[in-house]
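J.: Got a structure for you, questions after.
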Amino acid sequence: MNIKGSRKLALLGSAIFAEVEEWKSEARRMGHTVIDLSIGSPDLAPPSAVVDALIAAASDAGNYRYPLSEGMPEFRGKAAEWLRWRYGAEVDPSRELIALMGSQDGLAHLALALCDPGDLALVPNPGYPIYAAGLAVAGVEPHFMPLRSDNGFLPRLDRIPAAAADKAVFMLLNYPSNPLSAVADLAFLEEAVHFARRHELFIVHDLAYGEMAFDGFRPPSILQVPGAKEVALEFHSLSKSFNMAGCRIGFAAGCEGAVQALRKLKGNIDFGVFQAVQRAGIAALEEHMNGRGPDVAGIYQRRRDRFLEEMRRAGWDIPKPAATMFVWAPIPPGWTSRGISREMLLQTGVAVIPGDAFGSEGEGYVRFALVQPEEALVEAAGRIGRFLKEAVPLPEKADV
């Protein structure tokens, strides 16, 4: 029997990531040692207190029962305490916060919980692929907001057509941004809340990189905006902030109606996060509040500075990102995003993601993930420098 899969699968944007994996295999067959700067998977370990908490909880037979879909009361209480400590934001952990298998879990399911087929949502372009994928699965139509360098990669809210804004169920924002590494200040989030009230739509704010900002900048939470909790839901992840990506733990907090809709949906499709992982999450949040959390911002700021310095020496001058583990790099003239990504990998062994993987506005860029030690980043920049001196851009038809 020939199983083709549903038509919705064709709308999912994962093809380029599978393609890059094929390029990596081809590069290895050609004899290259691959330096993988493509996927944003942290290469560092969690704090020892987190590992110890996980081991202890995994040794407790009581943690092998089905967990609650909304999360353990202890985890939700600690997450609410952390939001108050970090942002001064007040949420009710019993009604306005839900545990997630990483923030992607909630982002993937949110449109199913809040929308009906044929509804519309405002989403960024470029944007993290799960944003559009979640809409596709739910049968929701995207209205893409172009994010461009001339406006600091912020959407121009005044240029969103009124008809689209009035029809939209929600608008999705992500600052600090993946893949753009752009940031937003509190004034922009206040503007977004006013926009949402004016058009009677809901705001979804993905704050997965809130602890990974540089040069003294502290990313704000939309929950700091007075009254935002009535119209906004914010997603937080422990994956990048505490090097817990494989644990799959995060949470969403804010508007009670949205939290309860997501809770009802997830209560029918999963049984929640392994309680031992939630115990590890509690330990991570406690470590942070006690001043013993990992200095992820400092580590990635040093990597950013060293990598960009070496890239400048190599002949590729890239704007300095203000946050995240990514570098969003305008490509040299004559190339397409996919063309330079493929040729650079096949000729040097350095893997990146082409910008068009994140939307049409990503053409002309590539994304580097700084998920290797500094010495590997220096080696990657050196290889890229030799590539830039020797490679000739391919005709566009070859950039496949």
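Residue names in the structure tokens use chain letters A, B, ... in the order shown, residue numbers from 1 in each chain, and ligand numbers from 1 in the order shown.
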With only C-alpha atoms as the counted atoms, please give the residues lying no more than 9 Å from Leu201 of chain A, apart from itself and same-chain residues fewer than 4 positions off, as a PyMOL selection string.

T.: chain A and resi 165-171+195-197+231

J.: Keeping only C-alpha atoms, write the selected residues as an mmCIF file, in the first residue's frame.

T.:
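File result-v8.cif, as written:
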data_model
loop_
_atom_site.group_PDB
_atom_site.id
_atom_site.type_symbol
_atom_site.label_atom_id
_atom_site.label_comp_id
_atom_site.auth_asym_id
_atom_site.auth_seq_id
_atom_site.Cartn_x
_atom_site.Cartn_y
_atom_site.Cartn_z
ATOM 1 C CA ALA A 165 -5.638 42.760 11.521
ATOM 2 C CA ASP A 166 -9.386 42.745 12.125
ATOM 3 C CA LYS A 167 -9.756 39.162 10.896
ATOM 4 C CA ALA A 168 -6.708 37.755 12.692
ATOM 5 C CA VAL A 169 -7.184 35.634 15.796
ATOM 6 C CA PHE A 170 -3.649 36.269 16.979
ATOM 7 C CA MET A 171 -0.333 37.912 16.137
ATOM 8 C CA PHE A 195 -2.544 47.280 18.474
ATOM 9 C CA ALA A 196 -4.045 44.033 19.764
ATOM 10 C CA ARG A 197 -6.692 45.848 21.782
ATOM 11 C CA VAL A 231 -4.596 39.782 25.594
#

J.: Tell me, counting only C-alpha atoms, for each residue of segment 178-238 of chain A within 10 Å of segment 311-335 of chain A, which pair of atoms is nearest and how far apart they are in Å to one decimal, in rows ordered by chain and increasing number, as a Markdown table.

T.:
| residue | atom | partner | partner_atom | distance |
| --- | --- | --- | --- | --- |
| A:Asn178 | CA | A:Phe326 | CA | 7.3 |
| A:Pro179 | CA | A:Trp328 | CA | 6.6 |
| A:Leu180 | CA | A:Trp328 | CA | 5.4 |
| A:Ser181 | CA | A:Ala323 | CA | 5.4 |
| A:Ala182 | CA | A:Ala322 | CA | 6.6 |
| A:Val183 | CA | A:Ala322 | CA | 6.8 |
| A:Ala208 | CA | A:Thr324 | CA | 9.1 |
| A:Tyr209 | CA | A:Thr324 | CA | 5.8 |
| A:Gly210 | CA | A:Thr324 | CA | 8.2 |
| A:Glu211 | CA | A:Thr324 | CA | 8.3 |
| A:Met212 | CA | A:Thr324 | CA | 5.0 |
| A:Ala213 | CA | A:Ala323 | CA | 3.9 |
| A:Phe214 | CA | A:Ala322 | CA | 5.5 |
| A:Asp215 | CA | A:Ala322 | CA | 7.4 |
| A:Gly216 | CA | A:Ala322 | CA | 9.4 |
| A:Phe217 | CA | A:Ala322 | CA | 7.7 |
| A:Arg218 | CA | A:Ala323 | CA | 9.4 |
| A:Pro219 | CA | A:Ala323 | CA | 8.8 |

J.: Could the residues in this selection be written to a file with N, CA and C atoms, as a PDB file, in the first residue's frame?

T.:
ATOM      1  N   ASN A 178      14.635  34.262  16.746  1.00  0.00           N
ATOM      2  CA  ASN A 178      15.242  33.208  15.955  1.00  0.00           C
ATOM      3  C   ASN A 178      14.508  33.184  14.615  1.00  0.00           C
ATOM      4  N   PRO A 179      15.179  33.449  13.490  1.00  0.00           N
ATOM      5  CA  PRO A 179      16.625  33.394  13.280  1.00  0.00           C
ATOM      6  C   PRO A 179      17.340  34.744  13.312  1.00  0.00           C
ATOM      7  N   LEU A 180      16.631  35.850  13.502  1.00  0.00           N
ATOM      8  CA  LEU A 180      17.163  37.170  13.196  1.00  0.00           C
ATOM      9  C   LEU A 180      18.095  37.734  14.264  1.00  0.00           C
ATOM     10  N   SER A 181      18.025  37.184  15.472  1.00  0.00           N
ATOM     11  CA  SER A 181      18.798  37.722  16.607  1.00  0.00           C
ATOM     12  C   SER A 181      18.434  39.170  16.911  1.00  0.00           C
ATOM     13  N   ALA A 182      17.283  39.626  16.442  1.00  0.00           N
ATOM     14  CA  ALA A 182      16.817  40.990  16.706  1.00  0.00           C
ATOM     15  C   ALA A 182      16.175  41.049  18.090  1.00  0.00           C
ATOM     16  N   VAL A 183      16.103  42.262  18.633  1.00  0.00           N
ATOM     17  CA  VAL A 183      15.485  42.449  19.947  1.00  0.00           C
ATOM     18  C   VAL A 183      14.428  43.543  19.862  1.00  0.00           C
ATOM     19  N   ALA A 208      11.764  32.535  24.117  1.00  0.00           N
ATOM     20  CA  ALA A 208      12.658  31.413  24.387  1.00  0.00           C
ATOM     21  C   ALA A 208      14.092  31.849  24.645  1.00  0.00           C
ATOM     22  N   TYR A 209      14.479  33.031  24.143  1.00  0.00           N
ATOM     23  CA  TYR A 209      15.868  33.480  24.251  1.00  0.00           C
ATOM     24  C   TYR A 209      16.020  34.658  25.209  1.00  0.00           C
ATOM     25  N   GLY A 210      15.120  34.744  26.174  1.00  0.00           N
ATOM     26  CA  GLY A 210      15.122  35.875  27.082  1.00  0.00           C
ATOM     27  C   GLY A 210      16.368  36.004  27.935  1.00  0.00           C
ATOM     28  N   GLU A 211      17.087  34.907  28.159  1.00  0.00           N
ATOM     29  CA  GLU A 211      18.298  34.959  28.983  1.00  0.00           C
ATOM     30  C   GLU A 211      19.574  34.991  28.152  1.00  0.00           C
ATOM     31  N   MET A 212      19.435  35.221  26.849  1.00  0.00           N
ATOM     32  CA  MET A 212      20.607  35.177  25.970  1.00  0.00           C
ATOM     33  C   MET A 212      20.762  36.494  25.228  1.00  0.00           C
ATOM     34  N   ALA A 213      20.887  37.588  25.989  1.00  0.00           N
ATOM     35  CA  ALA A 213      21.106  38.912  25.407  1.00  0.00           C
ATOM     36  C   ALA A 213      22.461  39.436  25.862  1.00  0.00           C
ATOM     37  N   PHE A 214      23.014  40.375  25.080  1.00  0.00           N
ATOM     38  CA  PHE A 214      24.403  40.772  25.245  1.00  0.00           C
ATOM     39  C   PHE A 214      24.547  42.269  25.540  1.00  0.00           C
ATOM     40  N   ASP A 215      25.756  42.623  25.939  1.00  0.00           N
ATOM     41  CA  ASP A 215      26.146  44.025  26.107  1.00  0.00           C
ATOM     42  C   ASP A 215      25.223  44.772  27.061  1.00  0.00           C
ATOM     43  N   GLY A 216      24.728  44.068  28.079  1.00  0.00           N
ATOM     44  CA  GLY A 216      23.918  44.705  29.102  1.00  0.00           C
ATOM     45  C   GLY A 216      22.442  44.814  28.807  1.00  0.00           C
ATOM     46  N   PHE A 217      21.997  44.409  27.623  1.00  0.00           N
ATOM     47  CA  PHE A 217      20.569  44.497  27.297  1.00  0.00           C
ATOM     48  C   PHE A 217      19.800  43.394  28.005  1.00  0.00           C
ATOM     49  N   ARG A 218      18.640  43.734  28.584  1.00  0.00           N
ATOM     50  CA  ARG A 218      17.765  42.766  29.247  1.00  0.00           C
ATOM     51  C   ARG A 218      16.440  42.725  28.504  1.00  0.00           C
ATOM     52  N   PRO A 219      16.169  41.655  27.780  1.00  0.00           N
ATOM     53  CA  PRO A 219      14.921  41.576  27.025  1.00  0.00           C
ATOM     54  C   PRO A 219      13.711  41.649  27.945  1.00  0.00           C
TER      55      PRO A 219
END

J.: For Arg303 of chain A, which residue among A:Glu141, A:Asp270, A:Glu374, A:Glu256 is the nearest when counting only C-alpha atoms?

T.: A:Glu374

J.: Write out as a VMD selection string all residues of segment 17-219 of chain A that backbone DSSP assigns to alpha helix (DSSP H).

T.: chain A and resid 17 to 29 48 to 58 73 to 87 103 to 114 129 to 138 162 to 167 186 to 199

J.: Which one of A:Asp158, A:Arg292, A:Asp150, A:Leu233 sits closest to Leu173 of chain A if you count only C-alpha atoms?

T.: A:Leu233

J.: Closest to Gln275 of chain A among A:Ala79, A:Val193, A:Cys247, A:Ala261, using only C-alpha atoms?

T.: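 Of the candidates, the smallest distance to Gln275 of chain A is held by A:Cys247.
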
J.: Restrict the calculation to only C-alpha atoms, then for each residue of segment 70-189 of chain A with any atom at most 10 Å from an atom of segment 7-13 of chain A give the closest atom pair and their distance in Å to one decimal, rows by chain and rising residue number, as a tab-separated table.

T.:
residue	atom	partner	partner_atom	distance
A:Tyr128	CA	A:Gly13	CA	9.8
A:Pro129	CA	A:Gly13	CA	6.2
A:Ile130	CA	A:Gly13	CA	8.1
A:Tyr131	CA	A:Gly13	CA	9.9
A:Ala132	CA	A:Leu12	CA	7.6
A:Ala133	CA	A:Leu12	CA	5.1
A:Gly134	CA	A:Leu12	CA	8.5
A:Leu135	CA	A:Leu12	CA	9.4
A:Ala136	CA	A:Leu11	CA	6.2
A:Val137	CA	A:Lys8	CA	6.1
A:Ala138	CA	A:Lys8	CA	9.0
A:Gly139	CA	A:Lys8	CA	8.2

J.: So that I can see what lies close to segment 349-358 of chain A, please list as JSON, numbers by chain the residues with an atom at most 9 Å from it, counting only C-alpha atoms and leaving out residues fewer than 4 positions away in the same chain.

T.: {"A": [13, 14, 15, 16, 17, 20, 23, 24, 27, 28, 31, 32, 33, 34, 35, 36, 37, 38, 39, 125, 126, 127, 128, 129, 179, 328, 329, 336, 337, 338, 339, 340, 341, 342, 344, 345, 362, 363, 364, 365, 366, 367, 368, 369, 380, 381, 383, 384]}

J.: List as number ranges by chain the protein and nucleic acid residues near Glu90 of chain A, meaning an atom at most 10 Å away when only C-alpha atoms are counted, but skip any in the same chain fewer than 2 places from it.

T.: A: 80-85, 87-88, 92-93, 96, 223-224, 229, 253-254

J.: Restricting the calculation to only C-alpha atoms: of A:His194, A:Leu346, A:Gly118, A:Ser149, which residue gets closest to Glu22 of chain A?

T.: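 Counting only C-alpha atoms, the residue closest to Glu22 of chain A is A:Leu346.
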
J.: Got a sec: who's within 8 Å of Ile55 of chain A, counting only C-alpha atoms, leaving out chain neighbours fewer than 4 positions off, as a list of chain:residue names?

T.: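 Near Ile55 of chain A, the qualifying residues are A:Val51, A:Ser59, A:Ala276.
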
J.: Please, what distance in Å, to one decimal, runs between atom CA of Leu112 of chain A and atom CA of Val140 of chain A?

T.: 8.7 Å

J.: Mind pulling up the distance from atom CA of Leu172 of chain A to atom CA of Val204 of chain A?

T.: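 Atom-to-atom, atom CA of Val204 of chain A to atom CA of Leu172 of chain A, that is 4.7 Å.
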
J.: Would you pick out the contacts of Gly267 of chain A at 8 Å or less, using only C-alpha atoms, so that residues sharing its chain but fewer than 3 positions from it are not included, and give the list as a compact mmCIF listing (two decimals) with N, CA and C atoms, in the first residue's frame?

T.:
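Here's the written file result01.txt:
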# COMPACT_ATOMS: atom_id res chain seq x y z
N SER A 69 -1.23 16.86 32.62
CA SER A 69 -0.95 17.57 31.37
C SER A 69 -0.55 19.02 31.62
N GLU A 70 -1.13 19.64 32.64
CA GLU A 70 -0.81 21.05 32.89
C GLU A 70 0.49 21.25 33.66
N ARG A 263 -4.53 23.82 27.65
CA ARG A 263 -4.59 22.73 28.63
C ARG A 263 -5.62 21.68 28.19
N LYS A 264 -6.78 22.12 27.72
CA LYS A 264 -7.82 21.18 27.30
C LYS A 264 -7.36 20.36 26.11
N ASP A 270 -1.72 14.34 25.18
CA ASP A 270 -0.53 13.87 25.88
C ASP A 270 -0.80 13.87 27.39
N PHE A 271 0.13 13.29 28.12
CA PHE A 271 -0.02 13.21 29.57
C PHE A 271 1.00 14.08 30.29

J.: Would you compute the distance between atom CA of Glu310 of chain A and atom CA of Pro46 of chain A? Give it in Å to one decimal.

T.: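 About the pair atom CA of Glu310 of chain A and atom CA of Pro46 of chain A: they are 28.3 Å apart.
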
J.: With distances taken over only C-alpha atoms, which residue among A:Ala45, A:Val273, A:Ala57, A:Ala228 lies nearest Ala245 of chain A?

T.: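 Checking each of A:Ala45, A:Val273, A:Ala57, A:Ala228 against Ala245 of chain A, counting only C-alpha atoms, the winner is A:Ala45.
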
J.: Neighbouring residues of His236 of chain A were defined as those with any atom within 10 Å, considering only C-alpha atoms; residues of the same chain fewer than 3 positions away were excluded. Please report them as a list in words.

T.: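 Everything that qualifies: Ala79, Leu83, Ala99, Leu100, Gly102, Ser103, Gln104, Gly106, His205, Asp206, Leu207, Ala208, Tyr209, Gly210, Ser221, Ser239, Ser241, Ile249, Gly250, Phe251, Ala252 and Ala253 of chain A.
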
J.: Have a look at A:Gly227, A:Pro161, A:Gly281, A:Gly382 and name the one nearest to Asp52 of chain A; count only C-alpha atoms.

T.: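 Ranking A:Gly227, A:Pro161, A:Gly281, A:Gly382 by distance to Asp52 of chain A, first place goes to A:Gly281.
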